[in-house]
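Scroll down for the structure; my scribbles are underneath it.
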Amino acid sequence: MESAPRKIIHVDMDAFYASVEIRDNPALRGRPVVVGGSPNSRGVVAAASYEARKFGIHSAMPCAQAARRCPQAVFVPPNFDKYRQVSRQIHAIFQRYTTLVEPLALDEAYLDVTENIPRNPSATRIAEEIKAAIRAETQLTASAGVAPNKFLAKVASEERKPDGLFVIRPEMVDEFLVTLPLSKVPGVGPVTLAQLQELGAVTCGQLQQVPREVLEKKFGKRGEYFYRMARGQDDRPVNPHRERKSVSVEDTFAEDHDDAEWLLAKLGALAASLARRLEANGARGRTLTLKLRLADFSIHTRSITVPDVLADAEQLLELARGLYADSGLAGRKLRLLGLGVSHLEREDAPEPYEQLRLDLRVP
Ligand SMILES: [Mg+2]
């Protein structure tokens, strides 16, 4: 017997960081707001308000470039404590409807409401209620997508942004996919898009015409993913215990360096950016790994696991300095430095000292 279709909702806050800043400072309303570093820093845009997006500003763009595109933009530094606070509020709202909530970011989650706490048979009604509750309790807007699986729900939440609600019923899936541009499929970036275009596919409908073998030959394992996505097939469950394995940052230098002072300054910058990324992901871990690539391209890693969660940049830097000093590679020419935190939120992480001993034995 075929099982009944699932009911999945993807909820995504609109221009999240920027909207929070505008909410808390009405003087910013209607103005192009960029959350991120200052325009003359080397930082990148963390979020842009819809006003700022009209100037072509988007996240991950260098702040200096954003300032050139829109000189009147207001630059606001991020405040992750506030974003996490709102994140907790919206998750509390989700939990009123289902325990099957899978967070993707501070402001984004999948909910499986096939069976739900208020026993509401309409996923659309639930999505409306969630949007209304978010607006009432946080004074912010969210967009929601409702569909029979995660892939389609995520695409649907983008369809009517901001403050949107879009529903893809099971019987609408085939028609919806015919014209869905591949650029809207999660995981398809500019490079993949160009490769798919070479196969004659710009939409999911066109991709359906490309035989599975061709996709698998060109993309390997990802070919299978594209084959299924083109048909709207996605049976991944909503997993409330999903964990990110690690969060890391690295820097490849324009030229090799062996100067200790220069390298330690670099480590400081990496520690700061890792701390920001941990905050942005709401991730907490206890193992820090230092990655070094020598001028001969060999890669060396050193790790340490500590009893308490790693969070602030200073602590990360202190540990990273220790790993570097213990690496036996001080004074060697390096072409890359990286820092990562793993064992995120894991109950079964190895005991601190056992892990430390193991890693130090690595040549
Ligand atoms: Mg968002």
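Numbering starts fresh at 1 for the residues of each chain in the structure tokens, the chains themselves are lettered A, B, ... in the order given, and ligands are numbered from 1 as they appear.
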Contact residues around Asn40 of chain A with only C-alpha atoms at 9 Å, ignoring same-chain residues under 6 positions, as an MDAnalysis selection string: chainID A and resid 63:64 67
Take the residues from that selection and write them out as an mmCIF file, in the first residue's frame, keeping C-alpha atoms.
data_model
loop_
_atom_site.group_PDB
_atom_site.id
_atom_site.type_symbol
_atom_site.label_atom_id
_atom_site.label_comp_id
_atom_site.auth_asym_id
_atom_site.auth_seq_id
_atom_site.Cartn_x
_atom_site.Cartn_y
_atom_site.Cartn_z
ATOM 1 C CA CYS A 63 31.275 45.153 2.663
ATOM 2 C CA ALA A 64 33.459 47.520 0.640
ATOM 3 C CA ALA A 67 29.269 50.391 0.065
#
Exercise answer, 9 Å around ligand 1 with only C-alpha atoms and all ligand atoms, as a PyMOL selection string: chain A and resi 11-17+105-108+142-143
Those of segment 239-303 of chain A in DSSP helix (DSSP H, G or I), formatted as a ChimeraX atom specification: /A:260-281
Atomic separation - atom CA of Tyr50 of chain A relative to atom CA of Ile126 of chain A, Å: 26.4 Å
For segment 317-319 of chain A: contacts at 12 Å, only C-alpha atoms, fewer than 4 positions along chain excluded, given as JSON, numbers by chain: {"A": [263, 264, 265, 266, 267, 268, 269, 270, 271, 272, 273, 274, 275, 286, 287, 288, 289, 290, 302, 303, 304, 305, 306, 310, 311, 312, 313, 323, 324, 325, 326, 338, 339, 340, 341]}
Given only C-alpha atoms as the counted atoms, nearest of A:Ile8, A:Glu51, A:Tyr110, A:Pro103 to Leu28 of chain A: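 For Leu28 of chain A, the nearest of the candidates is A:Glu51.
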Residue list (strand (DSSP E or B), DSSP) for segment 185-313 of chain A, as a PyMOL selection string: chain A and resi 203+246-257+285-294+299-310
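Proximity ranking of A:Val45, A:Glu175, A:Gln208, A:Ile90 relative to Ala136 of chain A places A:Ile90 first, based on only C-alpha atoms.
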